[in-house]
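Student: Pasting entry.txt below, which is compact mmCIF, C-alpha atoms and all ligand atoms.
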```
# COMPACT_ATOMS: atom_id res chain seq x y z
CA MET A 1 -51.92 56.98 -30.10
CA PHE A 2 -54.31 54.39 -31.55
CA GLN A 3 -53.15 51.29 -29.71
CA ALA A 4 -56.43 50.67 -27.99
CA ASP A 5 -58.83 51.02 -30.88
CA ILE A 6 -58.07 49.69 -34.27
CA VAL A 7 -58.30 52.31 -36.97
CA ARG A 8 -60.44 50.90 -39.74
CA GLU A 9 -60.58 53.04 -42.79
CA ASP A 10 -62.90 52.21 -45.75
CA ALA A 11 -64.15 49.24 -43.73
CA PRO A 12 -65.20 46.88 -46.53
CA SER A 13 -68.87 45.93 -46.57
CA PHE A 14 -69.39 42.39 -47.69
CA GLN A 15 -72.55 41.16 -49.33
CA GLY A 16 -72.02 37.48 -48.63
CA GLU A 17 -69.54 34.95 -47.32
CA GLY A 18 -68.88 33.77 -50.90
CA GLN A 19 -67.07 37.03 -51.63
CA LEU A 20 -64.61 36.44 -48.85
CA ALA A 21 -61.23 34.79 -49.25
CA ILE A 22 -60.28 35.20 -45.58
CA LYS A 23 -62.36 35.77 -42.48
CA VAL A 24 -60.58 36.05 -39.17
CA ASP A 25 -62.99 36.49 -36.30
CA SER A 26 -61.76 37.48 -32.80
CA VAL A 27 -58.73 35.22 -33.05
CA SER A 28 -56.19 34.91 -30.25
CA LYS A 29 -53.17 32.66 -30.19
CA SER A 30 -51.09 31.94 -27.11
CA PHE A 31 -47.88 29.97 -26.90
CA THR A 32 -46.60 28.24 -23.79
CA ARG A 33 -42.89 28.45 -23.33
CA TRP A 34 -40.61 26.74 -20.89
CA GLN A 35 -37.65 28.83 -20.01
CA ARG A 36 -34.79 28.76 -17.57
CA LYS A 37 -35.62 30.53 -14.34
CA GLU A 38 -33.31 33.41 -13.50
CA ASP A 39 -31.51 33.18 -10.19
CA ALA A 40 -31.44 36.12 -7.77
CA SER A 41 -27.97 37.28 -8.77
CA GLU A 42 -28.89 37.24 -12.50
CA LYS A 43 -31.94 39.38 -11.71
CA ALA A 44 -29.72 41.73 -9.74
CA ASP A 45 -27.18 41.79 -12.61
CA ARG A 46 -29.96 42.82 -14.96
CA SER A 47 -31.33 45.53 -12.72
CA GLY A 48 -27.79 46.77 -12.03
CA LYS A 49 -28.40 46.79 -8.25
CA LYS A 50 -26.38 44.41 -6.11
CA SER A 51 -26.40 43.83 -2.40
CA ALA A 52 -23.12 43.09 -0.62
CA VAL A 53 -24.02 39.38 -0.31
CA GLU A 54 -24.85 39.19 -4.03
CA GLU A 55 -21.60 40.99 -4.89
CA GLU A 56 -19.79 38.32 -2.93
CA SER A 57 -21.64 35.42 -4.53
CA SER A 58 -21.15 36.99 -7.92
CA SER A 59 -17.38 37.23 -7.38
CA GLU A 60 -17.34 33.62 -6.13
CA LYS A 61 -19.22 32.66 -9.27
CA LYS A 62 -16.66 34.46 -11.44
CA ALA A 63 -13.82 32.62 -9.73
CA LEU A 64 -15.53 29.26 -10.30
CA ARG A 65 -16.27 30.17 -13.92
CA LYS A 66 -12.57 30.89 -14.46
CA LYS A 67 -11.87 27.31 -13.47
CA GLY A 68 -14.66 26.12 -15.77
CA ILE A 69 -16.84 24.99 -12.84
CA LEU A 70 -20.50 25.90 -12.43
CA GLY A 71 -21.49 27.47 -9.13
CA LYS A 72 -24.08 25.69 -6.95
CA VAL A 73 -26.80 28.22 -7.85
CA GLU A 74 -25.98 28.11 -11.55
CA PHE A 75 -26.01 24.32 -11.54
CA LYS A 76 -29.45 24.23 -9.88
CA SER A 77 -30.89 26.80 -12.28
CA ILE A 78 -30.23 24.50 -15.25
CA PHE A 79 -32.99 22.27 -13.93
CA ARG A 80 -35.22 25.11 -12.75
CA GLN A 81 -37.62 25.87 -15.57
CA GLU A 82 -40.60 28.17 -15.50
CA LYS A 83 -43.68 28.17 -17.69
CA LYS A 84 -44.58 31.39 -19.46
CA THR A 85 -47.57 32.13 -21.64
CA LEU A 86 -47.08 34.48 -24.53
CA THR A 87 -50.00 36.00 -26.40
CA ALA A 88 -48.84 36.23 -30.00
CA LEU A 89 -52.26 37.32 -31.34
CA ASP A 90 -54.82 39.13 -29.25
CA ASN A 91 -58.44 39.26 -30.45
CA VAL A 92 -57.61 39.90 -34.10
CA SER A 93 -60.41 40.29 -36.66
CA PHE A 94 -60.18 41.13 -40.35
CA GLN A 95 -61.56 40.10 -43.70
CA VAL A 96 -60.07 39.90 -47.17
CA ARG A 97 -62.26 39.86 -50.27
CA ARG A 98 -61.60 37.58 -53.21
CA GLY A 99 -59.31 39.28 -55.71
CA GLU A 100 -57.78 41.69 -53.18
CA PHE A 101 -54.05 42.25 -52.75
CA VAL A 102 -53.46 43.00 -49.07
CA ALA A 103 -50.25 43.87 -47.23
CA TYR A 104 -49.69 42.64 -43.68
CA ALA A 105 -47.06 44.60 -41.80
CA GLY A 106 -45.73 45.18 -38.31
CA PRO A 107 -42.52 45.19 -36.28
CA ASN A 108 -40.52 42.05 -35.44
CA GLY A 109 -42.50 39.66 -33.25
CA ALA A 110 -45.81 41.43 -33.99
CA GLY A 111 -47.57 38.19 -35.00
CA LYS A 112 -47.45 38.21 -38.83
CA SER A 113 -45.98 34.75 -39.35
CA THR A 114 -48.25 33.36 -36.63
CA THR A 115 -51.26 34.69 -38.55
CA MET A 116 -49.97 33.13 -41.78
CA LYS A 117 -49.52 29.78 -40.01
CA LEU A 118 -53.06 29.95 -38.61
CA LEU A 119 -54.50 30.75 -42.03
CA SER A 120 -52.73 27.80 -43.59
CA GLY A 121 -53.71 25.38 -40.82
CA MET A 122 -50.17 24.89 -39.50
CA LEU A 123 -51.32 26.22 -36.12
CA GLN A 124 -54.70 26.28 -34.44
CA PRO A 125 -56.14 29.39 -32.78
CA THR A 126 -56.48 29.39 -29.00
CA THR A 127 -59.82 31.19 -29.35
CA GLY A 128 -61.80 32.62 -32.26
CA ALA A 129 -62.71 31.37 -35.71
CA ILE A 130 -60.94 31.37 -39.07
CA SER A 131 -62.43 30.73 -42.47
CA VAL A 132 -60.25 30.58 -45.59
CA LEU A 133 -61.96 30.23 -48.98
CA GLY A 134 -65.07 29.16 -47.08
CA MET A 135 -63.22 26.35 -45.28
CA SER A 136 -61.76 25.81 -41.85
CA PRO A 137 -57.95 25.54 -42.07
CA GLU A 138 -58.07 23.26 -39.03
CA LYS A 139 -60.72 20.82 -40.25
CA ASP A 140 -60.49 21.00 -44.06
CA ARG A 141 -56.72 21.30 -44.38
CA ILE A 142 -56.31 18.89 -47.30
CA ALA A 143 -59.18 20.35 -49.34
CA LEU A 144 -57.94 23.84 -48.60
CA MET A 145 -54.37 23.07 -49.68
CA LYS A 146 -55.66 22.37 -53.21
CA LYS A 147 -56.81 25.99 -53.48
CA LEU A 148 -54.16 27.67 -51.37
CA GLY A 149 -50.50 28.52 -52.00
CA VAL A 150 -48.17 29.28 -49.09
CA LEU A 151 -44.62 30.60 -49.16
CA PHE A 152 -42.54 31.11 -46.03
CA GLU A 153 -39.27 32.94 -46.32
CA ASN A 154 -37.18 30.30 -44.61
CA ARG A 155 -38.79 27.11 -45.89
CA THR A 156 -38.56 25.36 -49.18
CA GLU A 157 -40.74 22.70 -50.75
CA LEU A 158 -38.07 21.88 -53.32
CA TRP A 159 -36.26 18.58 -53.13
CA TRP A 160 -32.80 19.55 -52.03
CA ASP A 161 -30.88 16.85 -53.93
CA HIS A 162 -32.80 16.99 -57.20
CA PRO A 163 -33.14 19.36 -60.12
CA VAL A 164 -35.92 21.93 -59.67
CA ILE A 165 -38.02 20.48 -62.51
CA GLN A 166 -38.16 17.12 -60.72
CA SER A 167 -39.85 18.75 -57.71
CA PHE A 168 -42.33 20.37 -60.11
CA GLU A 169 -43.10 17.00 -61.73
CA TRP A 170 -43.43 15.34 -58.34
CA LYS A 171 -45.96 18.00 -57.36
CA LYS A 172 -47.94 17.40 -60.58
CA VAL A 173 -48.27 13.69 -59.78
CA VAL A 174 -48.93 13.98 -56.04
CA TRP A 175 -51.37 16.86 -56.39
CA ASP A 176 -52.99 15.27 -59.42
CA ILE A 177 -52.66 18.44 -61.51
CA PRO A 178 -54.23 17.94 -64.99
CA ASP A 179 -51.70 17.97 -67.88
CA ALA A 180 -53.13 21.10 -69.52
CA VAL A 181 -53.15 23.08 -66.26
CA TYR A 182 -49.60 22.01 -65.41
CA ARG A 183 -48.26 22.90 -68.88
CA ARG A 184 -49.97 26.28 -68.90
CA ASN A 185 -48.75 27.20 -65.42
CA LEU A 186 -45.24 25.90 -66.05
CA ASP A 187 -44.96 27.98 -69.24
CA MET A 188 -46.29 31.05 -67.43
CA VAL A 189 -43.95 30.84 -64.41
CA THR A 190 -40.96 29.92 -66.57
CA GLU A 191 -41.42 33.05 -68.65
CA LEU A 192 -42.55 35.52 -66.01
CA LEU A 193 -40.23 34.40 -63.22
CA ASP A 194 -37.35 33.79 -65.59
CA ILE A 195 -36.58 30.32 -64.28
CA GLY A 196 -35.74 28.70 -67.65
CA GLU A 197 -32.06 28.54 -66.76
CA ILE A 198 -32.47 27.16 -63.26
CA ARG A 199 -35.11 24.53 -63.99
CA ASN A 200 -32.46 21.85 -64.36
CA THR A 201 -30.26 23.01 -61.47
CA PHE A 202 -30.16 21.10 -58.20
CA ALA A 203 -32.11 22.98 -55.52
CA ARG A 204 -29.12 22.92 -53.14
CA GLU A 205 -27.04 24.78 -55.74
CA LEU A 206 -29.47 27.70 -56.09
CA SER A 207 -28.79 31.14 -54.66
CA LEU A 208 -31.38 32.53 -52.22
CA GLY A 209 -33.08 34.66 -54.89
CA GLN A 210 -33.16 31.80 -57.38
CA ARG A 211 -34.59 29.46 -54.75
CA MET A 212 -37.32 31.96 -53.84
CA ARG A 213 -38.32 32.23 -57.49
CA ALA A 214 -38.31 28.45 -57.92
CA ASP A 215 -40.39 28.03 -54.75
CA LEU A 216 -42.89 30.66 -55.90
CA ALA A 217 -43.11 28.94 -59.30
CA MET A 218 -43.76 25.56 -57.68
CA MET A 219 -46.40 27.05 -55.41
CA LEU A 220 -48.35 28.31 -58.42
CA LEU A 221 -48.43 25.06 -60.41
CA HIS A 222 -51.83 24.00 -59.04
CA SER A 223 -53.49 27.41 -59.79
CA PRO A 224 -54.15 28.48 -56.18
CA GLU A 225 -57.01 30.94 -55.64
CA LEU A 226 -55.34 32.50 -52.60
CA ILE A 227 -51.66 32.87 -51.86
CA LEU A 228 -50.05 33.68 -48.52
CA LEU A 229 -46.54 35.06 -48.80
CA ASP A 230 -44.36 35.58 -45.74
CA GLU A 231 -41.54 37.94 -46.73
CA PRO A 232 -41.22 36.85 -50.37
CA THR A 233 -38.83 39.66 -51.29
CA LEU A 234 -36.38 39.06 -48.42
CA GLY A 235 -32.81 38.83 -49.69
CA LEU A 236 -33.69 39.43 -53.32
CA ASP A 237 -31.51 41.72 -55.42
CA VAL A 238 -33.04 44.77 -57.07
CA VAL A 239 -33.78 43.03 -60.37
CA ALA A 240 -35.16 39.84 -58.79
CA LYS A 241 -37.31 41.93 -56.45
CA ARG A 242 -38.77 43.95 -59.34
CA GLN A 243 -39.48 40.75 -61.21
CA MET A 244 -41.22 39.21 -58.20
CA ILE A 245 -43.34 42.34 -57.55
CA GLU A 246 -44.37 42.68 -61.21
CA PHE A 247 -45.24 39.00 -61.32
CA LEU A 248 -47.41 39.14 -58.19
CA LYS A 249 -49.23 42.24 -59.44
CA ARG A 250 -49.87 40.53 -62.73
CA ILE A 251 -51.32 37.30 -61.32
CA ASN A 252 -53.52 39.36 -59.01
CA ARG A 253 -54.75 41.57 -61.85
CA GLU A 254 -55.01 39.05 -64.66
CA GLU A 255 -55.72 35.76 -62.90
CA GLY A 256 -57.70 37.25 -60.00
CA VAL A 257 -55.50 35.51 -57.40
CA THR A 258 -56.09 36.87 -53.88
CA ILE A 259 -52.81 37.72 -52.17
CA LEU A 260 -51.88 38.40 -48.54
CA VAL A 261 -48.23 39.37 -48.22
CA THR A 262 -45.92 40.33 -45.36
CA SER A 263 -42.73 42.31 -45.74
CA HIS A 264 -40.60 44.78 -43.82
CA ASP A 265 -40.11 46.77 -46.99
CA MET A 266 -42.96 49.26 -46.91
CA ASP A 267 -42.19 50.68 -50.32
CA ASP A 268 -42.54 47.20 -51.82
CA LEU A 269 -45.81 46.69 -49.99
CA GLU A 270 -47.21 50.02 -51.10
CA GLU A 271 -46.32 49.26 -54.68
CA MET A 272 -47.98 45.86 -54.61
CA ALA A 273 -51.00 46.10 -52.36
CA GLN A 274 -54.18 48.13 -52.35
CA ARG A 275 -54.78 47.87 -48.62
CA ILE A 276 -52.62 47.43 -45.54
CA LEU A 277 -53.29 45.66 -42.27
CA MET A 278 -50.91 46.60 -39.48
CA ILE A 279 -50.27 44.56 -36.39
CA SER A 280 -48.34 45.50 -33.28
CA GLY A 281 -47.83 43.35 -30.19
CA GLY A 282 -50.41 40.86 -31.46
CA LYS A 283 -53.15 43.49 -31.89
CA LEU A 284 -54.47 44.71 -35.19
CA VAL A 285 -53.97 48.46 -35.13
CA TYR A 286 -54.73 49.61 -38.66
CA ASP A 287 -56.80 48.45 -41.60
CA GLY A 288 -57.02 50.74 -44.59
CA SER A 289 -55.15 52.52 -47.36
CA PHE A 290 -51.51 53.61 -47.39
CA ASP A 291 -52.59 57.24 -47.71
CA GLY A 292 -54.78 56.83 -44.63
CA LEU A 293 -51.73 55.58 -42.75
CA ARG A 294 -49.83 58.71 -43.74
CA GLU A 295 -52.65 60.85 -42.39
CA ILE A 296 -52.36 59.20 -38.97
CA THR A 297 -48.78 60.32 -38.52
CA GLY A 298 -49.58 63.72 -39.98
CA ASN A 299 -49.69 64.18 -43.72
CA LEU A 300 -45.93 64.61 -44.07
CA THR A 301 -44.77 65.98 -47.38
CA HIS A 302 -41.27 66.83 -48.54
CA PHE A 303 -40.31 69.47 -51.04
CA THR A 304 -37.14 70.93 -52.46
CA VAL A 305 -36.75 74.56 -53.38
CA THR A 306 -34.08 75.79 -55.80
CA THR A 307 -33.16 79.43 -55.20
CA ASP A 308 -30.66 81.89 -56.63
CA GLY A 309 -28.49 81.24 -53.56
CA GLY A 310 -30.19 82.28 -50.30
CA GLN A 311 -32.14 80.06 -47.93
CA PRO A 312 -35.87 80.87 -48.09
CA GLU A 313 -37.75 81.50 -44.81
CA LEU A 314 -40.90 79.36 -44.90
CA GLU A 315 -43.05 79.47 -41.78
CA GLY A 316 -44.35 76.08 -40.58
CA CYS A 317 -41.83 74.16 -42.72
CA LYS A 318 -38.86 72.25 -41.29
CA LEU A 319 -35.54 72.62 -43.10
CA LEU A 320 -33.97 69.17 -43.59
CA GLY A 321 -30.83 70.25 -45.41
CA GLY A 322 -29.51 72.29 -48.27
CA LYS A 323 -26.52 73.11 -50.41
CA ASN A 324 -25.72 74.92 -53.66
CA GLY A 325 -29.03 76.77 -53.59
CA VAL A 326 -31.17 73.58 -53.27
CA PHE A 327 -33.00 73.27 -49.92
CA GLU A 328 -35.10 70.36 -48.70
CA PHE A 329 -38.05 70.96 -46.37
CA GLU A 330 -40.64 68.84 -44.58
CA VAL A 331 -44.16 70.06 -43.93
CA ASP A 332 -47.21 68.49 -42.30
CA LEU A 333 -50.09 69.25 -44.65
CA SER A 334 -52.65 68.47 -41.96
CA CYS A 335 -51.39 71.60 -40.09
CA CYS A 336 -50.27 73.66 -43.06
CA PRO A 337 -52.55 73.09 -46.08
CA MET A 338 -51.10 72.93 -49.60
CA LYS A 339 -52.90 76.11 -50.70
CA GLY A 340 -51.16 78.18 -48.02
CA LEU A 341 -47.82 76.55 -48.75
CA LEU A 342 -48.04 77.37 -52.46
CA LYS A 343 -48.97 80.96 -51.63
CA ARG A 344 -45.93 81.33 -49.36
CA LEU A 345 -43.65 79.78 -51.95
CA SER A 346 -44.91 82.12 -54.65
CA GLN A 347 -44.31 85.14 -52.40
CA ALA A 348 -40.78 84.16 -51.32
CA ASP A 349 -37.86 85.93 -53.03
CA GLY A 350 -35.37 84.23 -55.34
CA ILE A 351 -37.23 80.91 -55.83
CA MET A 352 -36.48 79.36 -59.22
CA ASP A 353 -37.94 75.85 -58.93
CA VAL A 354 -40.04 73.76 -56.52
CA GLU A 355 -40.49 69.99 -56.39
CA ILE A 356 -43.03 68.43 -54.00
CA TRP A 357 -43.43 64.75 -53.07
CA LYS A 358 -45.02 62.64 -50.33
CA ALA A 359 -42.88 61.47 -47.42
CA PRO A 360 -41.66 57.93 -48.16
CA ILE A 361 -43.92 55.38 -46.50
CA GLU A 362 -40.80 53.92 -44.80
CA GLN A 363 -40.45 57.15 -42.85
CA VAL A 364 -44.12 57.13 -41.84
CA ILE A 365 -43.81 53.56 -40.58
CA ALA A 366 -40.55 54.23 -38.73
CA GLN A 367 -42.36 56.99 -36.85
CA LEU A 368 -45.26 54.65 -35.98
CA TYR A 369 -42.95 51.85 -34.78
CA ARG A 370 -41.12 54.32 -32.54
CA GLU A 371 -44.45 55.37 -31.01
CA TRP A 372 -45.53 51.76 -30.45
CA ARG A 373 -42.27 50.84 -28.75
N1 LIG A 401 -43.83 28.24 -31.88
C1 LIG A 401 -43.71 29.25 -31.05
N2 LIG A 401 -43.54 29.04 -29.72
C2 LIG A 401 -43.46 30.07 -28.87
N3 LIG A 401 -43.51 31.37 -29.21
C3 LIG A 401 -43.68 31.64 -30.52
C4 LIG A 401 -43.78 30.61 -31.51
N4 LIG A 401 -43.94 31.21 -32.74
C5 LIG A 401 -43.93 32.53 -32.52
N5 LIG A 401 -43.78 32.79 -31.20
C6 LIG A 401 -43.76 34.13 -30.57
O1 LIG A 401 -44.91 34.83 -31.02
C7 LIG A 401 -44.61 36.19 -31.28
C8 LIG A 401 -44.99 36.53 -32.72
O2 LIG A 401 -44.09 35.84 -33.58
P1 LIG A 401 -44.20 35.92 -35.17
O3 LIG A 401 -43.24 34.94 -35.74
O4 LIG A 401 -45.63 35.76 -35.56
O5 LIG A 401 -43.74 37.42 -35.45
P2 LIG A 401 -43.55 38.18 -36.83
O6 LIG A 401 -44.50 39.34 -36.83
O7 LIG A 401 -43.63 37.22 -37.96
O8 LIG A 401 -42.08 38.77 -36.67
P3 LIG A 401 -40.90 38.94 -37.75
O9 LIG A 401 -41.12 40.26 -38.40
O10 LIG A 401 -39.68 38.96 -36.87
O11 LIG A 401 -40.93 37.78 -38.70
C9 LIG A 401 -43.13 36.38 -30.98
O12 LIG A 401 -43.00 36.92 -29.70
C10 LIG A 401 -42.58 34.96 -31.02
O13 LIG A 401 -41.48 34.81 -30.15
MG MG A 402 -42.25 36.51 -39.38
```
Now, as a test, write the supplied structure out as structure tokens.
Ligand SMILES: Nc1ncnc2c1ncn2[C@@H]1O[C@H](COP(=O)(O)OP(=O)(O)OP(=O)(O)O)[C@@H](O)[C@H]1O
Ligand SMILES: [Mg+2]
Tutor:
Amino acid sequence: MFQADIVREDAPSFQGEGQLAIKVDSVSKSFTRWQRKEDASEKADRSGKKSAVEEESSSEKKALRKKGILGKVEFKSIFRQEKKTLTALDNVSFQVRRGEFVAYAGPNGAGKSTTMKLLSGMLQPTTGAISVLGMSPEKDRIALMKKLGVLFENRTELWWDHPVIQSFEWKKVVWDIPDAVYRRNLDMVTELLDIGEIRNTFARELSLGQRMRADLAMMLLHSPELILLDEPTLGLDVVAKRQMIEFLKRINREEGVTILVTSHDMDDLEEMAQRILMISGGKLVYDGSFDGLREITGNLTHFTVTTDGGQPELEGCKLLGGKNGVFEFEVDLSCCPMKGLLKRLSQADGIMDVEIWKAPIEQVIAQLYREWR
């Protein structure tokens, strides 16, 4: 529906470059991949259509496979590689102001991690320009690292065979963190991330959630101005997740740390961030508020009606389910405004109670992903 043109809601107007934490300008990133070339019979297998000759060669192949021998064609195809170019990011532009908390979402393979790697200088863009805290991640990587914190879901900076605190102390020395700053940050992360008990545990003995908290704590020891988090809540239990979210909100609010975070959990993102960037197939497709996103898919709202037994007839509302006199409906407020809905509810017979709430953002996103696919 809006694949071609990016929907930019409340497009931020920036006074000067100094206000910006991130500036991504028409960035594209392509990867070159070498992959095994499919032979004719594999292509036919995939398409489901087989000629008589292919049928024959395929049955010959099966017979050879039974004996553990590769057929002539299969053997050749091991050495037959073809080069493919994949565009992971396609002309992406966005800006993040200092002090903002921005969510970055999209389906698997959309280009989120690639963006994070470009912002932190781990990859270079194929075309376009990136500025992070006024620096080029490509050219000023070392200077930038002093002001930037990066956390990738599947990587750890902790020394595997040492207690957590030893990695923290190593970072203090190598990064030349002043004593007072280190002490203050260590006290803060120990209390807020509840890592007192795991500080002396060997990193290899930590559970996933404990390791994520220890990694986040270590990342914050040098007081970064901007942090990039790639799926920080992945695999965390309910309590650890809450703790992580509260902590991130707090450092954004109280310390003014700019945060860009990816996650597949839309409810988490909505709770944390003020703005959401959405990417699909390497293209930025939305930049705005969570409410604005809801409006794109229709302003879906759910409500439950408690009656004295019977099912109420409500025109324009979709019945989702009901039992024991409690019925759940869905309505699109962009087609059926709230005023009209309330009027209909007040006129219906036997209604004892009504509860109205917005459709969960997860549902809105699921609908969008289905459309994009
Ligand atoms: N180093 C690489 N070499 C080749 N292709 C890559 C490389 N890194 C990423 N890609 C491809 O780029 C595309 C975007 O990948 P990316 O990791 O950015 O997705 P993502 O949005 O983070 O997905 P997920 O939600 O699964 O983490 C994918 O098609 C992926 O296969
Ligand atoms: Mg990823």
Student: Region 287-306 of chain A near region 264-273 of chain A within 12 Å: what's each residue's closest atom pair and its distance in Å to one decimal, counting all atoms listed in the file, ordered by chain then ascending residue number, as CSV?
Tutor:
```
residue,atom,partner,partner_atom,distance
A:Gly288,CA,A:Ala273,CA,10.9
A:Ser289,CA,A:Glu270,CA,9.1
A:Phe290,CA,A:Glu270,CA,6.7
A:Asp291,CA,A:Glu270,CA,9.6
A:Leu293,CA,A:Glu270,CA,11.0
A:Arg294,CA,A:Glu270,CA,11.7
```
Student: Check the smallest atom-to-atom distance from each of A:Val27, A:Val96, A:Val331, A:Ala88 to ligand LIG 401 (chain A) using only C-alpha atoms and all ligand atoms, then report the winner.
Tutor: A:Ala88
Student: Could you list, as a VMD selection string, all residues that come within 9 Å of ligand MG 402 (chain A)? Count all atoms listed in the file.
Tutor: chain A and resid 108 to 114 116 152 to 153 230 to 231 262 to 263
Student: With all atoms listed in the file as the basis for distance, which of A:Lys139, A:His222, A:Lys283, A:Arg183 is at the shortest distance from ligand LIG 401 (chain A)?
Tutor: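 Ranked by minimum distance to ligand LIG 401 (chain A), first place goes to A:Lys283.
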Student: May I have the protein, DNA and RNA residues with an atom at most 6 Å from (-36.0, 20.7, -62.3), counting all atoms listed in the file in the file's coordinates, returned as a compact mmCIF listing (two decimals) with C-alpha atoms, in the frame of the given file?
Tutor:
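Result went into result.txt, see below:
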```
# COMPACT_ATOMS: atom_id res chain seq x y z
CA PRO A 163 -33.14 19.36 -60.12
CA VAL A 164 -35.92 21.93 -59.67
CA ILE A 165 -38.02 20.48 -62.51
CA GLN A 166 -38.16 17.12 -60.72
CA ARG A 199 -35.11 24.53 -63.99
CA ASN A 200 -32.46 21.85 -64.36
```
Student: Just the residues within 9 Å of region 185-198 of chain A, please, counting only C-alpha atoms, with nothing from its chain fewer than 3 positions along; format it as a PyMOL selection string.
Tutor: chain A and resi 163-165+168+180-182+201-203+206+210+213-214+216-218+220-223+240+243-244+246-247
Student: For Ala103 (chain A), which residue out of A:Leu86, A:Leu133, A:Met278, A:Val24 is the nearest one, using all atoms listed in the file?
Tutor: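 With all atoms listed in the file as the atom set, the closest residue is A:Met278.
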Student: Point out the residue among A:Ser167, A:Gln81, A:Ser280, A:Ser93 with the least atom-to-atom distance to ligand LIG 401 (chain A), counting only C-alpha atoms and all ligand atoms.
Tutor: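 Ranked by minimum distance to ligand LIG 401 (chain A), first place goes to A:Ser280.
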Student: Record the distance separating CA of Glu225 (chain A) and CA of Asp176 (chain A), expressed in Å with one decimal.
Tutor: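 Value for the CA of Glu225 (chain A)-CA of Asp176 (chain A) distance: 16.6 Å.
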Student: Just the number, please: distance in Å from CA of Leu118 (chain A) to CA of Val174 (chain A), one decimal.
Tutor: 24.0 Å
Student: Can you work out which one of A:Thr301, A:Lys172, A:Lys83, A:Ser131 has the shortest atom-to-atom distance to Trp34 (chain A), counting only C-alpha atoms?
Tutor: A:Lys83
Student: Measuring atom to atom with only C-alpha atoms, identify which of A:Gly292, A:Gly99, A:Gly134, A:Gly18 is nearest to Arg250 (chain A).
Tutor: A:Gly99
Student: Around all of region 28-32 of chain A's listed atoms, make the axis-aligned box with 4 Å on each side and tell me centre and edge lengths in Å to one decimal, as AutoDock Vina command-line options.
Tutor:
```
--center_x -51.4 --center_y 31.6 --center_z -27.0 --size_x 17.6 --size_y 14.7 --size_z 14.5
```
Student: In Å, with one decimal, what is the gap from CA of Gln124 (chain A) to CA of Glu138 (chain A)?
Tutor: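 One can read the CA of Gln124 (chain A) to CA of Glu138 (chain A) distance as 6.4 Å.
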Student: Can you tell me, as a PyMOL selection string, what residues are no more than 10 Å from region 347-349 of chain A when counting all atoms listed in the file, ignoring any on the same chain fewer than 5 positions away?
Tutor: chain A and resi 307-308+310-314+341-342
Student: Okay, now the selection with C-alpha atoms, as a CSV table (one decimal), keeping the file's coordinate frame?
Tutor:
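Output file part_5.csv is given in full below:
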```csv
chain,number,residue,atom,x,y,z
A,307,THR,CA,-33.2,79.4,-55.2
A,308,ASP,CA,-30.7,81.9,-56.6
A,310,GLY,CA,-30.2,82.3,-50.3
A,311,GLN,CA,-32.1,80.1,-47.9
A,312,PRO,CA,-35.9,80.9,-48.1
A,313,GLU,CA,-37.8,81.5,-44.8
A,314,LEU,CA,-40.9,79.4,-44.9
A,341,LEU,CA,-47.8,76.6,-48.8
A,342,LEU,CA,-48.0,77.4,-52.5
```
Student: Please return, as a list in words, all polymer residues that have at least one atom within 7 Å of the point (-49.0, 38.6, -48.7); use only C-alpha atoms and the file's own coordinate frame.
Tutor: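 Every polymer residue passing the test: Val102, Ala103, Tyr104, Leu228, Leu229, Asp230, Ile259, Leu260, Val261 and Thr262 of chain A.
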Student: When you look at Thr306 (chain A) with a cut-off of 7 Å (counting all atoms listed in the file), what residues show up, excluding the ones that are within fewer than 6 positions of it in the same chain? I need them as an MDAnalysis selection string.
Tutor: chainID A and resid 325:327 351:354
Student: Could you save those same residues with C-alpha atoms as a CSV table (one decimal), in the frame of the given file?
Tutor:
```
chain,number,residue,atom,x,y,z
A,325,GLY,CA,-29.0,76.8,-53.6
A,326,VAL,CA,-31.2,73.6,-53.3
A,327,PHE,CA,-33.0,73.3,-49.9
A,351,ILE,CA,-37.2,80.9,-55.8
A,352,MET,CA,-36.5,79.4,-59.2
A,353,ASP,CA,-37.9,75.8,-58.9
A,354,VAL,CA,-40.0,73.8,-56.5
```
Student: Could you add the missing atoms to region 231-237 of chain A, up to N, CA and C atoms, and return them as a PDB file, in the frame of the given file?
Tutor:
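Contents of the output file result-v8.pdb:
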```pdb
ATOM      1  N   GLU A 231     -42.803  37.315 -46.323  1.00  0.00           N
ATOM      2  CA  GLU A 231     -41.540  37.940 -46.730  1.00  0.00           C
ATOM      3  C   GLU A 231     -40.968  37.359 -48.026  1.00  0.00           C
ATOM      4  N   PRO A 232     -41.710  37.454 -49.127  1.00  0.00           N
ATOM      5  CA  PRO A 232     -41.220  36.850 -50.370  1.00  0.00           C
ATOM      6  C   PRO A 232     -40.066  37.610 -51.014  1.00  0.00           C
ATOM      7  N   THR A 233     -39.889  38.883 -50.627  1.00  0.00           N
ATOM      8  CA  THR A 233     -38.830  39.660 -51.290  1.00  0.00           C
ATOM      9  C   THR A 233     -37.553  39.732 -50.457  1.00  0.00           C
ATOM     10  N   LEU A 234     -37.543  39.017 -49.310  1.00  0.00           N
ATOM     11  CA  LEU A 234     -36.380  39.060 -48.420  1.00  0.00           C
ATOM     12  C   LEU A 234     -35.135  38.516 -49.127  1.00  0.00           C
ATOM     13  N   GLY A 235     -34.086  39.296 -49.130  1.00  0.00           N
ATOM     14  CA  GLY A 235     -32.810  38.830 -49.690  1.00  0.00           C
ATOM     15  C   GLY A 235     -32.719  38.871 -51.198  1.00  0.00           C
ATOM     16  N   LEU A 236     -33.756  39.380 -51.860  1.00  0.00           N
ATOM     17  CA  LEU A 236     -33.690  39.430 -53.320  1.00  0.00           C
ATOM     18  C   LEU A 236     -32.932  40.667 -53.782  1.00  0.00           C
ATOM     19  N   ASP A 237     -32.183  40.533 -54.895  1.00  0.00           N
ATOM     20  CA  ASP A 237     -31.510  41.720 -55.420  1.00  0.00           C
ATOM     21  C   ASP A 237     -32.535  42.615 -56.115  1.00  0.00           C
TER      22      ASP A 237
END
```
